[in-house]
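As stored in entry.csv (CSV, C-alpha atoms and all ligand atoms):
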chain,number,residue,atom,x,y,z
A,1,MET,CA,-15.3,14.8,-13.3
A,2,SER,CA,-13.5,11.6,-12.3
A,3,GLU,CA,-15.5,8.9,-10.6
A,4,LEU,CA,-12.7,8.7,-8.0
A,5,LEU,CA,-11.5,12.0,-6.4
A,6,ALA,CA,-8.1,12.1,-4.7
A,7,ASP,CA,-6.8,14.5,-2.1
A,8,LYS,CA,-3.5,14.3,-0.3
A,9,THR,CA,-3.2,16.4,2.9
A,10,GLY,CA,-0.1,15.8,4.9
A,11,ARG,CA,0.6,12.1,4.9
A,12,VAL,CA,-3.1,11.1,4.3
A,13,LEU,CA,-4.6,10.3,1.0
A,14,THR,CA,-8.4,10.6,0.8
A,15,LEU,CA,-10.1,8.7,-2.0
A,16,THR,CA,-13.7,9.7,-2.6
A,17,LEU,CA,-16.1,7.5,-4.6
A,18,ASN,CA,-17.9,9.8,-6.9
A,19,ARG,CA,-20.7,8.2,-8.9
A,20,PRO,CA,-23.7,9.9,-7.2
A,21,GLU,CA,-26.1,9.2,-10.1
A,22,ALA,CA,-25.5,5.4,-9.5
A,23,ARG,CA,-25.3,5.8,-5.7
A,24,ASN,CA,-21.5,5.1,-5.9
A,25,ALA,CA,-22.1,1.6,-7.3
A,26,LEU,CA,-18.7,-0.1,-7.8
A,27,ASN,CA,-18.4,-0.8,-11.5
A,28,ASN,CA,-15.2,-2.3,-12.9
A,29,ALA,CA,-13.9,1.0,-14.0
A,30,LEU,CA,-14.2,2.5,-10.5
A,31,LEU,CA,-12.6,-0.6,-8.9
A,32,GLU,CA,-9.7,-0.2,-11.4
A,33,LEU,CA,-9.3,3.4,-10.4
A,34,LEU,CA,-9.3,2.5,-6.8
A,35,ALA,CA,-6.8,-0.3,-7.2
A,36,THR,CA,-4.4,1.9,-9.3
A,37,LYS,CA,-4.5,4.7,-6.7
A,38,LEU,CA,-3.8,2.3,-3.9
A,39,GLU,CA,-0.9,0.8,-5.8
A,40,LYS,CA,0.6,4.3,-6.3
A,41,ALA,CA,0.0,5.1,-2.7
A,42,GLN,CA,1.8,1.9,-1.7
A,43,SER,CA,5.0,3.0,-3.3
A,44,ASP,CA,4.8,6.7,-2.3
A,45,VAL,CA,6.8,7.2,0.9
A,46,ASN,CA,4.9,10.5,1.5
A,47,ILE,CA,1.6,8.6,2.0
A,48,GLY,CA,1.2,7.0,5.4
A,49,ALA,CA,-2.5,6.1,5.4
A,50,VAL,CA,-5.5,6.2,3.1
A,51,VAL,CA,-9.1,7.0,3.8
A,52,ILE,CA,-11.8,5.8,1.4
A,53,THR,CA,-15.1,7.6,1.6
A,54,GLY,CA,-18.3,8.4,-0.4
A,55,ASN,CA,-20.7,11.2,0.1
A,56,GLU,CA,-23.0,12.1,3.0
A,57,ARG,CA,-25.8,9.8,1.8
A,58,PHE,CA,-24.0,6.9,0.1
A,59,PHE,CA,-20.7,5.2,0.7
A,60,ALA,CA,-21.4,2.7,-2.1
A,61,ALA,CA,-24.6,0.8,-3.1
A,62,GLY,CA,-22.8,-2.3,-4.1
A,63,ALA,CA,-21.6,-3.8,-7.3
A,64,ASP,CA,-23.0,-2.1,-10.4
A,65,LEU,CA,-26.2,-4.0,-11.1
A,66,LYS,CA,-26.5,-2.6,-14.6
A,67,GLU,CA,-23.0,-4.0,-15.4
A,68,MET,CA,-23.7,-7.3,-13.6
A,69,ALA,CA,-27.1,-7.8,-15.3
A,70,SER,CA,-25.6,-9.0,-18.6
A,71,ARG,CA,-23.1,-11.3,-17.0
A,72,ASP,CA,-23.9,-15.0,-17.3
A,73,MET,CA,-21.9,-17.9,-15.7
A,74,PRO,CA,-19.0,-18.0,-18.2
A,75,ALA,CA,-18.7,-14.2,-18.1
A,76,THR,CA,-18.7,-14.4,-14.3
A,77,LEU,CA,-16.0,-17.1,-14.4
A,78,ASN,CA,-13.8,-14.7,-16.3
A,79,ASP,CA,-14.8,-11.7,-14.4
A,80,PRO,CA,-11.9,-9.3,-13.7
A,81,ARG,CA,-13.4,-8.3,-10.4
A,82,PRO,CA,-11.7,-11.0,-8.2
A,83,GLN,CA,-8.3,-9.7,-9.5
A,84,LEU,CA,-9.4,-6.1,-8.8
A,85,TRP,CA,-10.4,-7.0,-5.2
A,86,ALA,CA,-7.1,-8.9,-4.7
A,87,ARG,CA,-5.2,-5.7,-5.7
A,88,LEU,CA,-7.2,-3.8,-3.1
A,89,GLU,CA,-6.4,-6.4,-0.5
A,90,ARG,CA,-2.6,-6.2,-1.2
A,91,PHE,CA,-2.4,-2.6,0.1
A,92,SER,CA,-0.3,-3.0,3.2
A,93,LYS,CA,-0.5,0.5,4.7
A,94,PRO,CA,-3.3,1.5,7.1
A,95,LEU,CA,-6.6,1.8,5.2
A,96,LEU,CA,-9.7,3.5,6.8
A,97,ALA,CA,-13.3,3.7,5.6
A,98,ALA,CA,-15.4,6.8,6.4
A,99,VAL,CA,-18.9,5.6,5.8
A,100,ASN,CA,-22.0,7.8,5.7
A,101,GLY,CA,-25.3,6.4,4.5
A,102,TYR,CA,-25.6,3.2,2.6
A,103,ALA,CA,-22.8,0.6,2.4
A,104,LEU,CA,-24.5,-2.2,0.7
A,105,GLY,CA,-23.3,-5.4,-1.0
A,106,ALA,CA,-19.9,-4.7,-2.4
A,107,GLY,CA,-20.0,-1.4,-0.7
A,108,CYS,CA,-20.2,-3.1,2.7
A,109,GLU,CA,-17.5,-5.5,1.5
A,110,LEU,CA,-15.2,-2.6,0.7
A,111,ALA,CA,-15.8,-1.1,4.1
A,112,MET,CA,-15.0,-4.5,5.7
A,113,LEU,CA,-11.8,-4.8,3.6
A,114,CYS,CA,-10.6,-1.6,5.2
A,115,ASP,CA,-8.7,-1.9,8.5
A,116,ILE,CA,-10.7,0.6,10.5
A,117,THR,CA,-14.3,1.6,9.6
A,118,LEU,CA,-15.7,4.8,11.0
A,119,ALA,CA,-19.4,5.6,10.4
A,120,GLY,CA,-21.8,8.4,10.5
A,121,ASP,CA,-24.9,7.7,12.6
A,122,ASN,CA,-26.9,7.6,9.3
A,123,ALA,CA,-24.8,4.6,8.0
A,124,ARG,CA,-26.5,1.4,7.0
A,125,PHE,CA,-24.5,-1.8,6.5
A,126,GLY,CA,-26.1,-4.6,4.6
A,127,LEU,CA,-25.6,-7.5,2.2
A,128,PRO,CA,-28.8,-7.5,0.1
A,129,GLU,CA,-27.5,-10.0,-2.5
A,130,ILE,CA,-29.9,-12.7,-1.3
A,131,THR,CA,-32.8,-10.5,-2.4
A,132,LEU,CA,-31.3,-10.5,-5.9
A,133,GLY,CA,-31.0,-14.2,-6.2
A,134,ILE,CA,-27.2,-14.2,-5.6
A,135,MET,CA,-24.9,-14.1,-2.6
A,136,PRO,CA,-22.0,-12.0,-1.5
A,137,GLY,CA,-18.9,-12.6,-3.7
A,138,ALA,CA,-16.2,-10.2,-2.5
A,139,GLY,CA,-15.6,-11.4,1.1
A,140,GLY,CA,-19.0,-10.6,2.4
A,141,THR,CA,-19.6,-14.0,4.1
A,142,GLN,CA,-16.1,-14.6,5.2
A,143,ARG,CA,-15.2,-11.2,6.6
A,144,LEU,CA,-18.6,-10.6,8.1
A,145,ILE,CA,-18.7,-13.7,10.2
A,146,ARG,CA,-15.1,-13.1,11.4
A,147,SER,CA,-16.1,-9.6,12.4
A,148,VAL,CA,-19.6,-9.9,13.9
A,149,GLY,CA,-19.9,-13.6,14.8
A,150,LYS,CA,-22.3,-16.3,13.7
A,151,ALA,CA,-25.7,-15.0,14.8
A,152,LEU,CA,-25.6,-11.6,13.1
A,153,ALA,CA,-23.7,-12.8,10.1
A,154,PHE,CA,-26.3,-15.4,9.3
A,155,GLN,CA,-29.1,-13.0,10.0
A,156,MET,CA,-27.6,-10.3,7.7
A,157,VAL,CA,-26.7,-12.6,4.8
A,158,LEU,CA,-29.9,-14.7,4.8
A,159,THR,CA,-32.3,-11.8,5.3
A,160,GLY,CA,-30.4,-9.2,3.2
A,161,GLU,CA,-31.5,-6.7,5.8
A,162,ALA,CA,-29.2,-3.8,6.6
A,163,ILE,CA,-28.1,-2.8,10.2
A,164,SER,CA,-27.6,0.6,11.7
A,165,ALA,CA,-24.3,2.2,12.5
A,166,GLN,CA,-25.0,1.8,16.2
A,167,LYS,CA,-25.6,-2.0,15.8
A,168,ALA,CA,-22.6,-2.3,13.5
A,169,GLN,CA,-20.5,-0.6,16.2
A,170,GLN,CA,-21.9,-2.9,19.0
A,171,ALA,CA,-21.1,-5.9,16.8
A,172,GLY,CA,-17.5,-4.9,16.1
A,173,LEU,CA,-17.8,-3.9,12.4
A,174,VAL,CA,-17.4,-0.2,13.1
A,175,ALA,CA,-14.9,1.5,15.4
A,176,GLU,CA,-16.6,4.8,16.1
A,177,VAL,CA,-19.9,6.6,15.2
A,178,TYR,CA,-20.1,10.3,14.5
A,179,PRO,CA,-22.6,12.9,13.2
A,180,PRO,CA,-22.4,12.4,9.4
A,181,ALA,CA,-21.0,15.9,8.8
A,182,LEU,CA,-18.0,15.0,11.0
A,183,THR,CA,-17.3,11.4,9.9
A,184,LEU,CA,-14.7,12.3,7.2
A,185,GLU,CA,-13.0,14.9,9.3
A,186,TYR,CA,-12.6,12.5,12.2
A,187,ALA,CA,-11.4,9.8,9.9
A,188,ARG,CA,-8.7,12.0,8.4
A,189,THR,CA,-7.6,13.1,11.9
A,190,LEU,CA,-7.3,9.5,13.0
A,191,ALA,CA,-5.5,8.6,9.7
A,192,ALA,CA,-3.1,11.5,10.3
A,193,ASN,CA,-2.4,10.3,13.8
A,194,ILE,CA,-1.7,6.8,12.5
A,195,ALA,CA,0.4,8.0,9.6
A,196,GLY,CA,2.7,9.8,12.1
A,197,HIS,CA,3.9,6.4,13.4
A,198,ALA,CA,6.8,4.4,12.1
A,199,PRO,CA,5.7,3.1,8.6
A,200,LEU,CA,7.4,-0.3,8.9
A,201,ALA,CA,5.9,-0.8,12.4
A,202,LEU,CA,2.5,0.0,11.0
A,203,GLN,CA,2.8,-2.4,8.1
A,204,ALA,CA,4.1,-5.2,10.3
A,205,SER,CA,1.2,-4.6,12.8
A,206,LYS,CA,-1.3,-4.7,10.0
A,207,MET,CA,0.2,-7.9,8.6
A,208,ALA,CA,0.1,-9.6,12.0
A,209,LEU,CA,-3.5,-8.5,12.7
A,210,ARG,CA,-4.6,-9.7,9.3
A,211,GLN,CA,-2.8,-13.0,9.8
A,212,ALA,CA,-4.7,-13.5,13.1
A,213,GLN,CA,-7.9,-14.0,11.1
A,214,GLU,CA,-6.3,-16.7,8.9
A,215,VAL,CA,-4.0,-18.9,11.0
A,216,SER,CA,-3.9,-20.8,14.2
A,217,LEU,CA,-2.9,-19.0,17.4
A,218,THR,CA,0.4,-20.9,17.5
A,219,GLN,CA,1.3,-19.8,13.9
A,220,GLY,CA,0.0,-16.3,14.6
A,221,LEU,CA,2.2,-15.9,17.7
A,222,GLN,CA,5.2,-17.2,15.7
A,223,GLN,CA,4.6,-14.7,12.9
A,224,GLU,CA,4.1,-11.9,15.4
A,225,ARG,CA,7.4,-12.8,17.0
A,226,GLN,CA,9.2,-12.8,13.7
A,227,LEU,CA,7.8,-9.4,12.7
A,228,PHE,CA,8.7,-8.0,16.1
A,229,THR,CA,12.3,-9.3,15.7
A,230,LEU,CA,12.5,-7.8,12.2
A,231,LEU,CA,11.5,-4.4,13.5
A,232,ALA,CA,14.5,-4.5,15.9
A,233,ALA,CA,16.7,-4.0,12.8
A,234,THR,CA,15.0,-0.7,11.9
A,235,ASP,CA,16.4,2.8,12.5
A,236,ASP,CA,12.9,3.8,13.5
A,237,ARG,CA,12.9,1.4,16.4
A,238,GLN,CA,16.1,3.0,17.8
A,239,GLU,CA,14.7,6.4,17.1
A,240,GLY,CA,11.3,5.7,18.8
A,241,ILE,CA,12.8,4.4,22.0
A,242,ALA,CA,15.6,7.1,22.1
A,243,ALA,CA,12.9,9.8,21.6
A,244,PHE,CA,10.9,8.5,24.5
A,245,LEU,CA,14.0,8.4,26.8
A,246,GLU,CA,15.1,11.8,25.7
A,247,LYS,CA,11.6,13.2,26.2
A,248,ARG,CA,11.2,14.5,22.6
A,249,PRO,CA,9.0,13.7,19.6
A,250,ALA,CA,10.3,10.9,17.4
A,251,ALA,CA,11.4,11.7,13.8
A,252,PHE,CA,10.6,8.5,12.0
A,253,LYS,CA,12.2,7.9,8.6
A,254,GLY,CA,10.5,4.7,7.4
A,255,ARG,CA,13.6,2.5,7.6
B,301,LIG,N1,-25.9,-0.7,-9.3
B,301,LIG,C1,-26.2,0.1,-10.3
B,301,LIG,N2,-27.0,1.2,-10.2
B,301,LIG,C2,-27.5,1.5,-9.0
B,301,LIG,C3,-27.2,0.7,-7.9
B,301,LIG,C4,-26.3,-0.4,-8.1
B,301,LIG,N3,-26.0,-1.2,-7.1
B,301,LIG,N4,-27.9,1.2,-6.8
B,301,LIG,C5,-28.6,2.2,-7.3
B,301,LIG,N5,-28.4,2.4,-8.6
B,301,LIG,C6,-29.0,3.4,-9.5
B,301,LIG,C7,-30.4,3.1,-9.8
B,301,LIG,O1,-30.6,2.1,-10.7
B,301,LIG,C8,-30.9,4.4,-10.2
B,301,LIG,O2,-30.5,4.7,-11.5
B,301,LIG,P1,-31.6,5.3,-12.6
B,301,LIG,O3,-31.7,6.8,-12.1
B,301,LIG,O4,-30.9,5.2,-13.9
B,301,LIG,O5,-32.8,4.6,-12.4
B,301,LIG,C9,-30.1,5.4,-9.3
B,301,LIG,O6,-29.0,4.7,-8.8
B,301,LIG,C10,-30.9,5.8,-8.1
B,301,LIG,O7,-31.3,4.7,-7.4
B,301,LIG,P2,-32.6,4.7,-6.4
B,301,LIG,O8,-33.7,5.5,-7.1
B,301,LIG,O9,-32.9,3.3,-6.0
B,301,LIG,O10,-32.0,5.6,-5.2
B,301,LIG,P3,-32.5,5.7,-3.7
B,301,LIG,O11,-31.7,6.8,-3.2
B,301,LIG,O12,-34.0,5.7,-3.7
B,301,LIG,O13,-32.0,4.3,-3.0
B,301,LIG,C11,-30.4,2.6,-2.5
B,301,LIG,C12,-30.7,4.1,-2.8
B,301,LIG,C13,-31.1,2.2,-1.2
B,301,LIG,C14,-28.9,2.4,-2.3
B,301,LIG,C15,-31.0,1.7,-3.6
B,301,LIG,O14,-30.6,2.3,-4.9
B,301,LIG,C16,-30.6,0.3,-3.6
B,301,LIG,O15,-31.2,-0.5,-2.9
B,301,LIG,N6,-29.6,-0.1,-4.5
B,301,LIG,C17,-29.2,-1.5,-4.7
B,301,LIG,C18,-28.5,-2.0,-3.6
B,301,LIG,C19,-28.0,-3.4,-3.8
B,301,LIG,O16,-28.8,-4.3,-4.0
B,301,LIG,N7,-26.7,-3.7,-3.7
B,301,LIG,C20,-26.2,-5.0,-3.9
B,301,LIG,C21,-25.6,-5.1,-5.3
B,301,LIG,S1,-25.0,-6.8,-5.5
B,301,LIG,C22,-23.5,-6.8,-5.0
B,301,LIG,O17,-22.9,-5.8,-4.5
B,301,LIG,C23,-22.8,-8.1,-5.2
B,301,LIG,C24,-21.2,-8.0,-5.0
B,301,LIG,C25,-20.5,-9.2,-5.6
B,301,LIG,C26,-19.1,-8.8,-5.8
B,301,LIG,C27,-18.4,-9.9,-6.6
B,301,LIG,C28,-17.0,-9.5,-6.9
B,301,LIG,C29,-16.1,-10.6,-7.5

For this file, produce the structure as structure tokens.
Amino acid sequence: MSELLADKTGRVLTLTLNRPEARNALNNALLELLATKLEKAQSDVNIGAVVITGNERFFAAGADLKEMASRDMPATLNDPRPQLWARLERFSKPLLAAVNGYALGAGCELAMLCDITLAGDNARFGLPEITLGIMPGAGGTQRLIRSVGKALAFQMVLTGEAISAQKAQQAGLVAEVYPPALTLEYARTLAANIAGHAPLALQASKMALRQAQEVSLTQGLQQERQLFTLLAATDDRQEGIAAFLEKRPAAFKGR
């Protein structure tokens, strides 16, 4: 069976990490599968949003330590993983994570790369790299501090200790917490709701929100205004407003 399962229901693609014997550790082959699926989903007009999930006990236990063990400094310098992560980051449609159980190291980094993270109340988010004599290398320090702030980010990275779903929600890492058996179902429902909106407006919104974490307020406001103006040229903008005024559901076409 594939290490990455794919299911398309309506406009939502669900990608399930499936290496239970290795606690869904993200080896290069699995990252490659994930990147390839997201690239296909990017150009598929029938996919409006993607949910990444694991199983009820493990989202992902981090980078594959058996694969990493043999990598010295020159091998790490030429590691394909930064490129693989860059391919995941390029996905411009809404991306959700449905996390049950452990999201550790690169697993936590994958959840943080997603736009909305939903968690089961058994979820544990942590960056245990420090306990292995290394440090986070796929956005762990950068995304975590932007998401949860200085105090908790330093605590998590320097101790390597994981936090609960409830604490992650209080800190802003997680949007909603559910009973584990319902996490995926709620994530797919939310993704379906999102995927019903105008695709170009979704992508522009995602771009603007992401930019907010990178640029000054003045630059961010300029970019937001430019994207807002561009959307005025879309059929879906006319349709969305007309549908509201005519008291009917909008029929968006993605143009
Ligand atoms: N990599 C490879 N194999 C793993 C991993 C992993 N991360 N985690 C677990 N496994 C394997 C174990 O080796 C074991 O295999 P085997 O049966 O052959 O001995 C099997 O999964 C079961 O493991 P456990 O018995 O430990 O399972 P438990 O259910 O008792 O515990 C845990 C589950 C809590 C998840 C535990 O396995 C654990 O702590 N795992 C390691 C977590 C960790 O340290 N993750 C961080 C990895 S480092 C990282 O992610 C750096 C990212 C840098 C990215 C840079 C990109 C450019």

Residues of region 124-206 of chain A at most 8 Å from region 82-103 of chain A: nearest atom pair and distance in Å, only C-alpha atoms, as JSON lines:
{"residue": "A:Arg124", "atom": "CA", "partner": "A:Tyr102", "partner_atom": "CA", "distance": 4.8}
{"residue": "A:Phe125", "atom": "CA", "partner": "A:Ala103", "partner_atom": "CA", "distance": 5.0}
{"residue": "A:Gly126", "atom": "CA", "partner": "A:Ala103", "partner_atom": "CA", "distance": 6.5}
{"residue": "A:Ala138", "atom": "CA", "partner": "A:Trp85", "partner_atom": "CA", "distance": 7.2}
{"residue": "A:Pro180", "atom": "CA", "partner": "A:Asn100", "partner_atom": "CA", "distance": 5.9}
{"residue": "A:Thr183", "atom": "CA", "partner": "A:Ala98", "partner_atom": "CA", "distance": 6.1}
{"residue": "A:Leu184", "atom": "CA", "partner": "A:Ala98", "partner_atom": "CA", "distance": 5.6}
{"residue": "A:Ala187", "atom": "CA", "partner": "A:Ala98", "partner_atom": "CA", "distance": 6.1}
{"residue": "A:Ala191", "atom": "CA", "partner": "A:Leu96", "partner_atom": "CA", "distance": 7.2}
{"residue": "A:Ile194", "atom": "CA", "partner": "A:Pro94", "partner_atom": "CA", "distance": 7.7}
{"residue": "A:Ala195", "atom": "CA", "partner": "A:Pro94", "partner_atom": "CA", "distance": 7.9}
{"residue": "A:Pro199", "atom": "CA", "partner": "A:Lys93", "partner_atom": "CA", "distance": 7.8}
{"residue": "A:Leu202", "atom": "CA", "partner": "A:Lys93", "partner_atom": "CA", "distance": 7.0}
{"residue": "A:Gln203", "atom": "CA", "partner": "A:Lys93", "partner_atom": "CA", "distance": 5.6}
{"residue": "A:Lys206", "atom": "CA", "partner": "A:Ser92", "partner_atom": "CA", "distance": 7.1}

Nearest to ligand LIG 301 (chain B) among A:Ala153, A:Ile116, A:Val12, A:Met135, with distances taken over only C-alpha atoms and all ligand atoms: which residue is it?
A:Met135

Could you tell me, counting all atoms listed in the file, which protein and nucleic acid residues lie no more than 8 Å from ligand LIG 301 (chain B), written as number ranges by chain?
A: 20-27, 58, 60-67, 79-82, 85, 102-107, 109, 127-129, 131-132, 134-138

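Minimum distance to Lys167 (chain A) across A:Asp121, A:Val50, A:Leu200, A:Glu239 (counting all atoms listed in the file) occurs at A:Asp121.
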
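Distances here use all atoms listed in the file; by that measure, the residue among A:Leu209, A:Thr76, A:Ser2, A:Met68 closest to Leu34 (chain A) is A:Ser2.
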
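A straight line drawn from CA of Gln213 (chain A) to CA of Ser147 (chain A) is 9.4 Å long.
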
A:Val51, A:Leu118, A:Ala251, A:Ala204 ranked by distance to Thr229 (chain A), top pick (using all atoms listed in the file)
A:Ala204

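For the pair CA of Ile47 (chain A) and CA of Arg11 (chain A), the interatomic distance is 4.7 Å.
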